[in-house]
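Q: Pasting upload-v5.cif here (mmCIF, C-alpha atoms):
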```cif
data_model
loop_
_atom_site.group_PDB
_atom_site.id
_atom_site.type_symbol
_atom_site.label_atom_id
_atom_site.label_comp_id
_atom_site.auth_asym_id
_atom_site.auth_seq_id
_atom_site.Cartn_x
_atom_site.Cartn_y
_atom_site.Cartn_z
ATOM 1 C CA MET A 420 0.609 -35.975 70.749
ATOM 2 C CA TYR A 421 1.311 -33.145 73.189
ATOM 3 C CA ALA A 422 0.904 -34.214 76.820
ATOM 4 C CA GLN A 423 0.091 -31.339 79.148
ATOM 5 C CA PHE A 424 2.404 -31.516 82.155
ATOM 6 C CA GLY A 425 1.801 -28.023 83.553
ATOM 7 C CA GLN A 426 -1.144 -25.697 84.035
ATOM 8 C CA HIS A 427 -1.049 -24.179 80.557
ATOM 9 C CA PRO A 428 -2.601 -25.905 77.526
ATOM 10 C CA ALA A 429 -0.783 -26.476 74.274
ATOM 11 C CA PRO A 430 -0.245 -23.373 72.130
ATOM 12 C CA SER A 431 -2.723 -22.781 69.339
ATOM 13 C CA HIS A 432 0.039 -21.911 66.860
ATOM 14 C CA VAL A 433 3.750 -22.606 66.633
ATOM 15 C CA ILE A 434 5.899 -20.335 64.463
ATOM 16 C CA ALA A 435 9.529 -20.942 63.571
ATOM 17 C CA HIS A 436 11.031 -17.500 63.033
ATOM 18 C CA LEU A 437 14.181 -17.557 60.910
ATOM 19 C CA SER A 438 15.989 -14.591 59.467
ATOM 20 C CA ASP A 439 18.813 -13.412 57.259
ATOM 21 C CA PRO A 440 20.056 -16.624 55.617
ATOM 22 C CA HIS A 441 21.911 -14.510 52.991
ATOM 23 C CA LEU A 442 22.285 -17.419 50.568
ATOM 24 C CA LEU A 443 24.803 -17.076 47.757
ATOM 25 C CA ALA A 444 24.766 -18.932 44.454
ATOM 26 C CA GLY A 445 27.242 -21.686 43.761
ATOM 27 C CA GLY A 446 28.184 -22.328 47.372
ATOM 28 C CA VAL A 447 30.189 -19.098 47.625
ATOM 29 C CA ARG A 448 31.182 -18.115 51.162
ATOM 30 C CA GLN A 449 30.484 -14.733 52.693
ATOM 31 C CA TYR A 450 33.678 -12.804 53.356
ATOM 32 C CA GLY A 451 35.500 -15.951 52.247
ATOM 33 C CA VAL A 452 34.620 -17.622 55.554
ATOM 34 C CA VAL A 453 30.903 -17.973 56.324
ATOM 35 C CA ASP A 454 28.955 -20.797 54.686
ATOM 36 C CA PRO A 455 25.363 -19.454 54.668
ATOM 37 C CA GLU A 456 23.925 -22.683 53.247
ATOM 38 C CA ALA A 457 25.413 -24.700 56.108
ATOM 39 C CA GLY A 458 23.801 -22.320 58.598
ATOM 40 C CA LEU A 459 20.397 -22.687 56.980
ATOM 41 C CA ARG A 460 20.737 -26.463 56.866
ATOM 42 C CA LEU A 461 21.577 -26.501 60.556
ATOM 43 C CA ALA A 462 18.531 -24.366 61.350
ATOM 44 C CA LEU A 463 16.252 -26.751 59.487
ATOM 45 C CA GLN A 464 17.828 -29.744 61.235
ATOM 46 C CA ARG A 465 17.198 -28.138 64.613
ATOM 47 C CA LEU A 466 13.549 -27.592 63.714
ATOM 48 C CA ALA A 467 13.216 -31.274 62.810
ATOM 49 C CA ASN A 468 14.139 -32.142 66.433
ATOM 50 C CA LEU A 469 11.166 -30.331 67.948
ATOM 51 C CA GLU A 470 8.505 -32.305 69.795
ATOM 52 C CA ILE A 471 5.857 -29.835 68.613
ATOM 53 C CA ALA A 472 6.458 -29.083 64.950
ATOM 54 C CA PRO A 473 5.868 -25.542 63.698
ATOM 55 C CA GLN A 474 2.830 -24.834 61.538
ATOM 56 C CA VAL A 475 4.701 -22.137 59.679
ATOM 57 C CA LEU A 476 8.269 -21.073 58.966
ATOM 58 C CA VAL A 477 8.533 -17.280 58.770
ATOM 59 C CA PHE A 478 11.647 -15.840 57.120
ATOM 60 C CA THR A 479 12.110 -12.129 57.815
ATOM 61 C CA GLY A 480 14.242 -11.058 54.905
ATOM 62 C CA ASP A 481 17.709 -10.996 53.386
ATOM 63 C CA LEU A 482 16.986 -14.367 51.859
ATOM 64 C CA ALA A 483 19.648 -14.041 49.134
ATOM 65 C CA ASP A 484 22.768 -12.003 49.829
ATOM 66 C CA LYS A 485 23.056 -10.655 46.274
ATOM 67 C CA ALA A 486 19.522 -11.385 45.058
ATOM 68 C CA GLU A 487 20.826 -14.006 42.638
ATOM 69 C CA PRO A 488 18.031 -16.067 41.046
ATOM 70 C CA ALA A 489 20.060 -19.231 41.641
ATOM 71 C CA ALA A 490 20.298 -18.402 45.341
ATOM 72 C CA TYR A 491 16.512 -18.057 45.605
ATOM 73 C CA HIS A 492 16.050 -21.369 43.803
ATOM 74 C CA ARG A 493 18.507 -23.021 46.170
ATOM 75 C CA LEU A 494 16.620 -21.517 49.114
ATOM 76 C CA ARG A 495 13.436 -23.183 47.928
ATOM 77 C CA GLU A 496 15.250 -26.489 47.351
ATOM 78 C CA LEU A 497 16.410 -26.499 50.958
ATOM 79 C CA VAL A 498 13.411 -25.042 52.774
ATOM 80 C CA GLU A 499 10.314 -26.317 50.999
ATOM 81 C CA PRO A 500 10.950 -30.087 51.393
ATOM 82 C CA ALA A 501 11.887 -29.573 55.051
ATOM 83 C CA ALA A 502 8.733 -27.533 55.660
ATOM 84 C CA GLU A 503 6.605 -30.139 53.912
ATOM 85 C CA ALA A 504 8.074 -32.876 56.120
ATOM 86 C CA MET A 505 7.046 -30.848 59.182
ATOM 87 C CA GLY A 506 3.616 -30.089 57.743
ATOM 88 C CA ALA A 507 4.458 -26.386 57.791
ATOM 89 C CA GLN A 508 3.729 -23.481 55.497
ATOM 90 C CA VAL A 509 6.461 -21.008 54.523
ATOM 91 C CA VAL A 510 6.222 -17.215 54.656
ATOM 92 C CA TRP A 511 8.884 -15.237 52.765
ATOM 93 C CA THR A 512 9.606 -11.575 53.509
ATOM 94 C CA MET A 513 11.719 -9.069 51.586
ATOM 95 C CA GLY A 514 14.954 -7.687 53.066
ATOM 96 C CA ASN A 515 17.367 -4.966 52.020
ATOM 97 C CA HIS A 516 19.652 -7.507 50.306
ATOM 98 C CA ASP A 517 16.739 -8.870 48.267
ATOM 99 C CA GLU A 518 15.608 -7.344 44.962
ATOM 100 C CA ARG A 519 11.897 -7.214 44.244
ATOM 101 C CA SER A 520 11.835 -8.469 40.651
ATOM 102 C CA GLU A 521 14.181 -11.418 41.299
ATOM 103 C CA TYR A 522 12.411 -12.229 44.591
ATOM 104 C CA ALA A 523 8.947 -12.201 42.998
ATOM 105 C CA ALA A 524 10.031 -14.274 40.006
ATOM 106 C CA ALA A 525 11.948 -16.947 41.895
ATOM 107 C CA LEU A 526 9.667 -17.383 44.912
ATOM 108 C CA PHE A 527 6.218 -16.646 43.481
ATOM 109 C CA GLY A 528 6.570 -17.018 39.713
ATOM 110 C CA GLU A 529 5.404 -13.445 39.263
ATOM 111 C CA GLU A 530 6.693 -10.504 37.270
ATOM 112 C CA ALA A 531 6.654 -7.585 39.683
ATOM 113 C CA HIS A 532 8.704 -4.535 40.533
ATOM 114 C CA GLY A 533 6.673 -2.923 43.313
ATOM 115 C CA PRO A 534 6.442 -3.688 47.034
ATOM 116 C CA GLN A 535 6.125 -7.368 47.876
ATOM 117 C CA ASP A 536 3.390 -7.313 50.503
ATOM 118 C CA ARG A 537 1.367 -10.500 50.995
ATOM 119 C CA VAL A 538 -1.096 -12.107 53.411
ATOM 120 C CA GLN A 539 -1.037 -15.749 54.426
ATOM 121 C CA GLU A 540 -3.504 -17.531 56.723
ATOM 122 C CA VAL A 541 -2.318 -20.314 59.026
ATOM 123 C CA ASP A 542 -5.168 -22.066 60.834
ATOM 124 C CA GLY A 543 -6.937 -18.806 61.558
ATOM 125 C CA LEU A 544 -3.781 -16.820 62.339
ATOM 126 C CA ARG A 545 -3.144 -14.094 59.758
ATOM 127 C CA ILE A 546 0.479 -13.435 58.830
ATOM 128 C CA VAL A 547 1.250 -10.268 56.894
ATOM 129 C CA ALA A 548 4.598 -10.173 55.071
ATOM 130 C CA LEU A 549 5.381 -6.467 54.839
ATOM 131 C CA ASP A 550 8.056 -5.265 52.422
ATOM 132 C CA THR A 551 10.127 -2.570 54.142
ATOM 133 C CA SER A 552 12.901 -2.555 51.527
ATOM 134 C CA VAL A 553 13.956 0.571 49.631
ATOM 135 C CA PRO A 554 15.442 -0.163 46.182
ATOM 136 C CA GLY A 555 19.119 0.774 46.117
ATOM 137 C CA TYR A 556 19.391 1.339 49.896
ATOM 138 C CA HIS A 557 19.846 -0.611 53.118
ATOM 139 C CA HIS A 558 17.473 1.407 55.308
ATOM 140 C CA GLY A 559 13.749 0.659 55.409
ATOM 141 C CA ASP A 560 10.613 2.623 54.591
ATOM 142 C CA LEU A 561 6.940 2.135 53.776
ATOM 143 C CA GLU A 562 5.072 3.874 50.972
ATOM 144 C CA ASP A 563 1.715 5.544 51.557
ATOM 145 C CA SER A 564 0.076 2.899 49.387
ATOM 146 C CA GLN A 565 1.525 0.132 51.550
ATOM 147 C CA LEU A 566 0.207 1.690 54.736
ATOM 148 C CA ALA A 567 -3.225 2.126 53.165
ATOM 149 C CA TRP A 568 -3.145 -1.519 52.036
ATOM 150 C CA LEU A 569 -2.176 -2.678 55.535
ATOM 151 C CA ALA A 570 -4.926 -0.592 57.127
ATOM 152 C CA ASP A 571 -7.437 -2.205 54.791
ATOM 153 C CA VAL A 572 -6.186 -5.699 55.681
ATOM 154 C CA LEU A 573 -6.350 -5.008 59.414
ATOM 155 C CA ALA A 574 -9.838 -3.472 59.190
ATOM 156 C CA THR A 575 -11.255 -7.009 59.428
ATOM 157 C CA PRO A 576 -9.948 -8.943 62.464
ATOM 158 C CA ALA A 577 -8.650 -12.472 61.921
ATOM 159 C CA GLU A 578 -9.871 -15.428 63.984
ATOM 160 C CA HIS A 579 -6.642 -15.684 65.990
ATOM 161 C CA GLY A 580 -5.271 -12.236 65.300
ATOM 162 C CA THR A 581 -2.444 -11.015 63.076
ATOM 163 C CA VAL A 582 1.326 -11.364 63.037
ATOM 164 C CA ILE A 583 3.326 -8.882 60.955
ATOM 165 C CA ALA A 584 6.619 -10.115 59.517
ATOM 166 C CA MET A 585 8.977 -7.358 58.364
ATOM 167 C CA HIS A 586 12.701 -7.071 57.845
ATOM 168 C CA HIS A 587 13.423 -3.703 59.473
ATOM 169 C CA PRO A 588 12.114 -3.906 63.071
ATOM 170 C CA PRO A 589 10.432 -0.711 64.364
ATOM 171 C CA ILE A 590 12.439 -0.545 67.585
ATOM 172 C CA PRO A 591 15.457 1.255 69.087
ATOM 173 C CA VAL A 592 18.816 -0.489 68.627
ATOM 174 C CA PRO A 593 20.961 0.627 71.583
ATOM 175 C CA MET A 594 23.310 -2.339 71.236
ATOM 176 C CA LEU A 595 24.109 -1.649 67.566
ATOM 177 C CA ARG A 596 24.149 2.083 66.941
ATOM 178 C CA ALA A 597 25.276 1.619 63.340
ATOM 179 C CA ALA A 598 21.870 0.055 62.674
ATOM 180 C CA GLU A 599 20.245 3.394 63.514
ATOM 181 C CA LEU A 600 21.546 4.597 60.143
ATOM 182 C CA ILE A 601 19.705 1.817 58.290
ATOM 183 C CA GLU A 602 16.560 1.547 60.411
ATOM 184 C CA LEU A 603 12.923 1.807 59.333
ATOM 185 C CA LEU A 604 12.178 5.472 58.673
ATOM 186 C CA ASP A 605 9.156 7.366 60.036
ATOM 187 C CA GLN A 606 8.061 4.564 62.299
ATOM 188 C CA HIS A 607 5.234 6.672 63.705
ATOM 189 C CA ARG A 608 3.369 6.254 60.405
ATOM 190 C CA LEU A 609 3.248 2.496 60.855
ATOM 191 C CA GLU A 610 2.297 2.943 64.504
ATOM 192 C CA GLU A 611 -0.816 4.862 63.488
ATOM 193 C CA VAL A 612 -1.932 1.904 61.370
ATOM 194 C CA VAL A 613 -1.094 -0.866 63.835
ATOM 195 C CA ARG A 614 -2.242 0.551 67.171
ATOM 196 C CA GLY A 615 -5.650 -0.707 68.267
ATOM 197 C CA THR A 616 -5.871 -3.475 65.655
ATOM 198 C CA ASP A 617 -5.728 -7.247 66.087
ATOM 199 C CA VAL A 618 -1.941 -7.323 65.519
ATOM 200 C CA ARG A 619 -0.533 -9.520 68.279
ATOM 201 C CA GLN A 620 3.089 -9.711 67.281
ATOM 202 C CA ILE A 621 5.706 -8.143 65.005
ATOM 203 C CA LEU A 622 8.564 -10.358 63.818
ATOM 204 C CA GLY A 623 11.709 -8.710 62.452
ATOM 205 C CA GLY A 624 15.254 -9.395 61.322
ATOM 206 C CA HIS A 625 18.005 -7.182 59.868
ATOM 207 C CA LEU A 626 20.068 -6.789 63.049
ATOM 208 C CA HIS A 627 21.710 -10.262 63.077
ATOM 209 C CA TYR A 628 21.139 -10.725 66.802
ATOM 210 C CA SER A 629 18.122 -11.538 68.975
ATOM 211 C CA THR A 630 16.374 -8.656 70.702
ATOM 212 C CA TYR A 631 12.905 -7.727 71.952
ATOM 213 C CA SER A 632 10.850 -4.597 72.398
ATOM 214 C CA GLU A 633 7.344 -3.124 72.032
ATOM 215 C CA PHE A 634 5.773 -1.039 69.295
ATOM 216 C CA ALA A 635 2.282 0.454 69.179
ATOM 217 C CA GLY A 636 1.316 -1.699 72.153
ATOM 218 C CA VAL A 637 2.511 -4.839 70.355
ATOM 219 C CA PRO A 638 5.474 -7.084 71.285
ATOM 220 C CA VAL A 639 8.363 -7.106 68.799
ATOM 221 C CA SER A 640 10.712 -10.080 68.437
ATOM 222 C CA VAL A 641 13.835 -9.858 66.297
ATOM 223 C CA ALA A 642 15.445 -13.157 65.295
ATOM 224 C CA SER A 643 19.162 -13.584 64.887
ATOM 225 C CA ALA A 644 20.663 -14.648 61.561
ATOM 226 C CA SER A 645 21.470 -18.162 60.402
ATOM 227 C CA CYS A 646 24.630 -17.035 58.550
ATOM 228 C CA TYR A 647 26.719 -14.744 60.783
ATOM 229 C CA THR A 648 25.791 -12.488 63.681
ATOM 230 C CA SER A 649 26.470 -9.002 65.022
ATOM 231 C CA ASP A 650 28.527 -8.957 68.214
ATOM 232 C CA PRO A 651 26.598 -6.649 70.599
ATOM 233 C CA ALA A 652 29.692 -6.159 72.781
ATOM 234 C CA PRO A 653 32.645 -5.937 70.371
ATOM 235 C CA ASP A 654 36.181 -5.046 71.420
ATOM 236 C CA SER A 655 36.986 -1.574 70.062
ATOM 237 C CA ARG A 656 34.853 -1.991 66.932
ATOM 238 C CA PHE A 657 31.946 0.115 65.663
ATOM 239 C CA VAL A 658 30.464 -2.963 63.949
ATOM 240 C CA SER A 659 31.670 -6.529 64.326
ATOM 241 C CA GLY A 660 30.149 -9.391 62.353
ATOM 242 C CA VAL A 661 31.187 -12.738 63.777
ATOM 243 C CA ASP A 662 31.072 -16.318 62.522
ATOM 244 C CA GLY A 663 29.087 -17.729 65.419
ATOM 245 C CA HIS A 664 26.187 -17.294 67.878
ATOM 246 C CA THR A 665 23.641 -17.995 65.123
ATOM 247 C CA ALA A 666 20.100 -18.789 66.212
ATOM 248 C CA LEU A 667 16.431 -18.974 65.313
ATOM 249 C CA THR A 668 13.445 -18.087 67.469
ATOM 250 C CA MET A 669 10.453 -20.261 68.269
ATOM 251 C CA THR A 670 7.205 -18.371 68.757
ATOM 252 C CA HIS A 671 4.400 -20.150 70.616
ATOM 253 C CA VAL A 672 1.017 -18.457 70.356
ATOM 254 C CA TYR A 673 -1.516 -18.882 73.161
ATOM 255 C CA SER A 674 -4.963 -17.375 73.493
ATOM 256 C CA ASP A 675 -3.732 -14.738 75.949
ATOM 257 C CA ARG A 676 0.016 -14.446 75.326
ATOM 258 C CA ILE A 677 2.972 -15.278 73.085
ATOM 259 C CA VAL A 678 6.161 -17.000 74.236
ATOM 260 C CA HIS A 679 9.542 -16.648 72.485
ATOM 261 C CA THR A 680 12.473 -19.034 72.781
ATOM 262 C CA VAL A 681 15.890 -18.491 71.217
ATOM 263 C CA VAL A 682 17.252 -21.729 69.757
ATOM 264 C CA PRO A 683 21.035 -21.612 69.162
ATOM 265 C CA LEU A 684 22.064 -23.366 65.960
ATOM 266 C CA ALA A 685 25.503 -24.591 67.015
ATOM 267 C CA HIS A 686 25.652 -27.912 68.844
ATOM 268 C CA ALA A 687 27.141 -27.865 72.341
ATOM 269 C CA PRO A 688 28.345 -30.784 74.495
ATOM 270 C CA GLU A 689 25.659 -32.161 76.786
ATOM 271 C CA VAL A 690 26.641 -32.224 80.465
ATOM 272 C CA SER A 691 23.287 -33.182 82.014
ATOM 273 C CA GLY A 692 19.896 -34.400 80.904
ATOM 274 C CA TYR A 693 17.299 -37.159 80.781
ATOM 275 C CA PRO A 694 16.850 -39.775 78.055
ATOM 276 C CA SER A 695 13.810 -39.357 75.831
ATOM 277 C CA ASP A 696 12.170 -42.554 77.091
ATOM 278 C CA VAL A 697 11.281 -40.839 80.380
ATOM 279 C CA ILE A 698 8.565 -38.912 78.528
ATOM 280 C CA ALA A 699 6.415 -42.028 78.234
ATOM 281 C CA GLN A 700 7.046 -42.829 81.899
ATOM 282 C CA LEU A 701 5.867 -39.388 82.975
ATOM 283 C CA GLU A 702 2.864 -39.413 80.650
ATOM 284 C CA ALA A 703 1.671 -42.630 82.295
ATOM 285 C CA LEU A 704 1.503 -40.916 85.704
ATOM 286 C CA THR A 705 -1.208 -38.711 87.157
ATOM 287 C CA PRO A 706 -0.439 -34.977 87.477
ATOM 288 C CA GLU A 707 0.188 -35.412 91.207
ATOM 289 C CA GLU A 708 2.486 -38.394 90.615
ATOM 290 C CA ARG A 709 4.414 -36.488 87.961
ATOM 291 C CA ARG A 710 5.025 -33.567 90.298
ATOM 292 C CA GLU A 711 6.090 -35.900 93.084
ATOM 293 C CA ALA A 712 8.443 -37.761 90.753
ATOM 294 C CA LEU A 713 10.167 -34.771 89.183
ATOM 295 C CA SER A 714 9.800 -31.995 91.762
ATOM 296 C CA ARG A 715 10.547 -33.926 94.940
ATOM 297 C CA LYS A 716 14.313 -33.819 95.445
ATOM 298 C CA ASP A 717 14.646 -37.329 96.927
ATOM 299 C CA SER A 718 12.100 -39.110 94.714
ATOM 300 C CA ASP A 719 12.884 -42.525 93.263
ATOM 301 C CA PHE A 720 12.753 -40.961 89.792
ATOM 302 C CA ASN A 721 15.359 -38.312 90.643
ATOM 303 C CA ASN A 722 17.529 -40.798 92.517
ATOM 304 C CA GLN A 723 17.493 -43.037 89.463
ATOM 305 C CA HIS A 724 18.627 -40.163 87.248
ATOM 306 C CA GLU A 725 20.479 -38.167 89.893
ATOM 307 C CA ASP A 726 23.578 -37.450 87.833
ATOM 308 C CA HIS A 727 21.472 -36.578 84.715
ATOM 309 C CA THR A 728 24.451 -37.544 82.586
ATOM 310 C CA PRO A 729 24.002 -38.427 78.913
ATOM 311 C CA ARG A 730 23.502 -42.117 78.131
#
```
Take the structure in the file and write it out as structure tokens.
A:
Amino acid sequence: MYAQFGQHPAPSHVIAHLSDPHLLAGGVRQYGVVDPEAGLRLALQRLANLEIAPQVLVFTGDLADKAEPAAYHRLRELVEPAAEAMGAQVVWTMGNHDERSEYAAALFGEEAHGPQDRVQEVDGLRIVALDTSVPGYHHGDLEDSQLAWLADVLATPAEHGTVIAMHHPPIPVPMLRAAELIELLDQHRLEEVVRGTDVRQILGGHLHYSTYSEFAGVPVSVASASCYTSDPAPDSRFVSGVDGHTALTMTHVYSDRIVHTVVPLAHAPEVSGYPSDVIAQLEALTPEERREALSRKDSDFNNQHEDHTPR
């Protein structure tokens, strides 16, 4: 049960935004070094620690590095039981490393070769998985038929608005100029469809690092990868993929705003903190008592935990 400590109520929706797992069949490592399955496992373990569990796990593409059917099946074996334990739905989105026919067959049991665009409803929040992939290429694009389909979907507002999940984010990439060569083409065409609708958020991937922007009056959040990441400040390199700094993004949806939090996947040594049993102590207090206990520098509560060291 969520106890409100501050002035804001609990969010109406909690989204775990994961991207670019790049799973490979048979436990093969990327570049002979990166273990993509280990990264995905770590991401799911981190989600299991959350006090407020997500209602939905949104994956924004590059699910399987080589679009191997076995990799998609392994993805489901790892993700679906974890999502079920959290009580969460799963939204899959196509990426440039995915192939439409293998993706559709393994994840949806369908025979399909065209764009993999789908709509999923999560407690009144509409999530549109938009396929920006271009067969045979790494850049992104949207067909006229896809834009017409999206316009038709957005013509009827959803109860809590719409979130679009897409692999190629429609934003500038000043920290990774190489990505400009494989960006979403003709972004103005999508802008014409999105602007003025109930779209509240666009979630993207592709870049392998966390970044934020705005598009058509809508916030854009790009999640890092769970396999390896792009170093935004490399030493004398045009592109530098590194085995570290992996993360996911938590998206908390409120009636009037959306809050994003980057959650690093790697564990780090704790140097300060409070034990979890203080939550019950604080919940038993009035709002005024809680503020006095935690905000007042010389309170008995703070004196008791003054070093904040792990126990």
Q: Would you write out, as a list in words, every residue that the PyMOL selection byres ((chain A and resi 616) around 8) captures in this file?
A: Leu573, Ala574, Pro576, Val612, Val613, Arg614, Gly615, Asp617 and Val618 of chain A
Q: Which residues match the PyMOL selection byres ((chain A and resi 658) around 8) in the file above, as an MDAnalysis selection string?
A: chainID A and resid 595 597 649:650 653 656:657 659:660
Q: Which residue out of A:Leu626, A:Leu609, A:Ala462, A:Ala523 has the minimum interatomic distance to A:Pro591 when all atoms listed in the file are used?
A: A:Leu626
Q: Compute the distance from (15.0, -23.1, 41.4) to each atom, counting only C-alpha atoms, keep the residues with any atom at most 12 Å away, and return them as a ChimeraX atom specification; use the coordinates of the file.
A: /A:444,487-499,521-522,524-528
Q: May I have the protein, DNA and RNA residues with any atom at most 12 Å from the point (-9.6, -19.0, 69.4), counting only C-alpha atoms, written as a list in words?
A: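 Checked against the point, the hits come out as Pro430, Ser431, His432, Asp542, Gly543, Leu544, Ala577, Glu578, His579, Gly580, Val672, Tyr673, Ser674 and Asp675 of chain A.
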Q: Evaluating the PyMOL selection byres ((chain A and resi 476) around 6) on the displayed file yields which residues, as a PyMOL selection string?
A: chain A and resi 435+475+477+509
Q: With a distance cut-off of 12 Å and only C-alpha atoms, select the neighbouring residues of A:Asp563, excluding the residue or stretch itself and same-chain residues fewer than 5 positions from it, and output the selection as a compact mmCIF listing (two decimals) with C-alpha atoms, in the coordinates of the input.
A:
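Written out: around25.txt:
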```txt
# COMPACT_ATOMS: atom_id res chain seq x y z
CA PRO A 534 6.44 -3.69 47.03
CA THR A 551 10.13 -2.57 54.14
CA TRP A 568 -3.14 -1.52 52.04
CA LEU A 569 -2.18 -2.68 55.54
CA ALA A 570 -4.93 -0.59 57.13
CA ASP A 605 9.16 7.37 60.04
CA ARG A 608 3.37 6.25 60.40
CA LEU A 609 3.25 2.50 60.86
CA VAL A 612 -1.93 1.90 61.37
```
Q: Rounded to one decimal in Å, what is the spacing between atom CA of A:Ser564 and atom CA of A:His532?
A: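 For atom CA of A:Ser564 relative to atom CA of A:His532, the distance reads 14.4 Å.
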Q: Find the spatial neighbours of A:Val661, counting all atoms listed in the file, within a cut-off of 12 Å - ignore same-chain residues fewer than 2 positions away - and output them as a PyMOL selection string.
A: chain A and resi 449-450+452-453+627-628+644-654+656+658-659+663-665
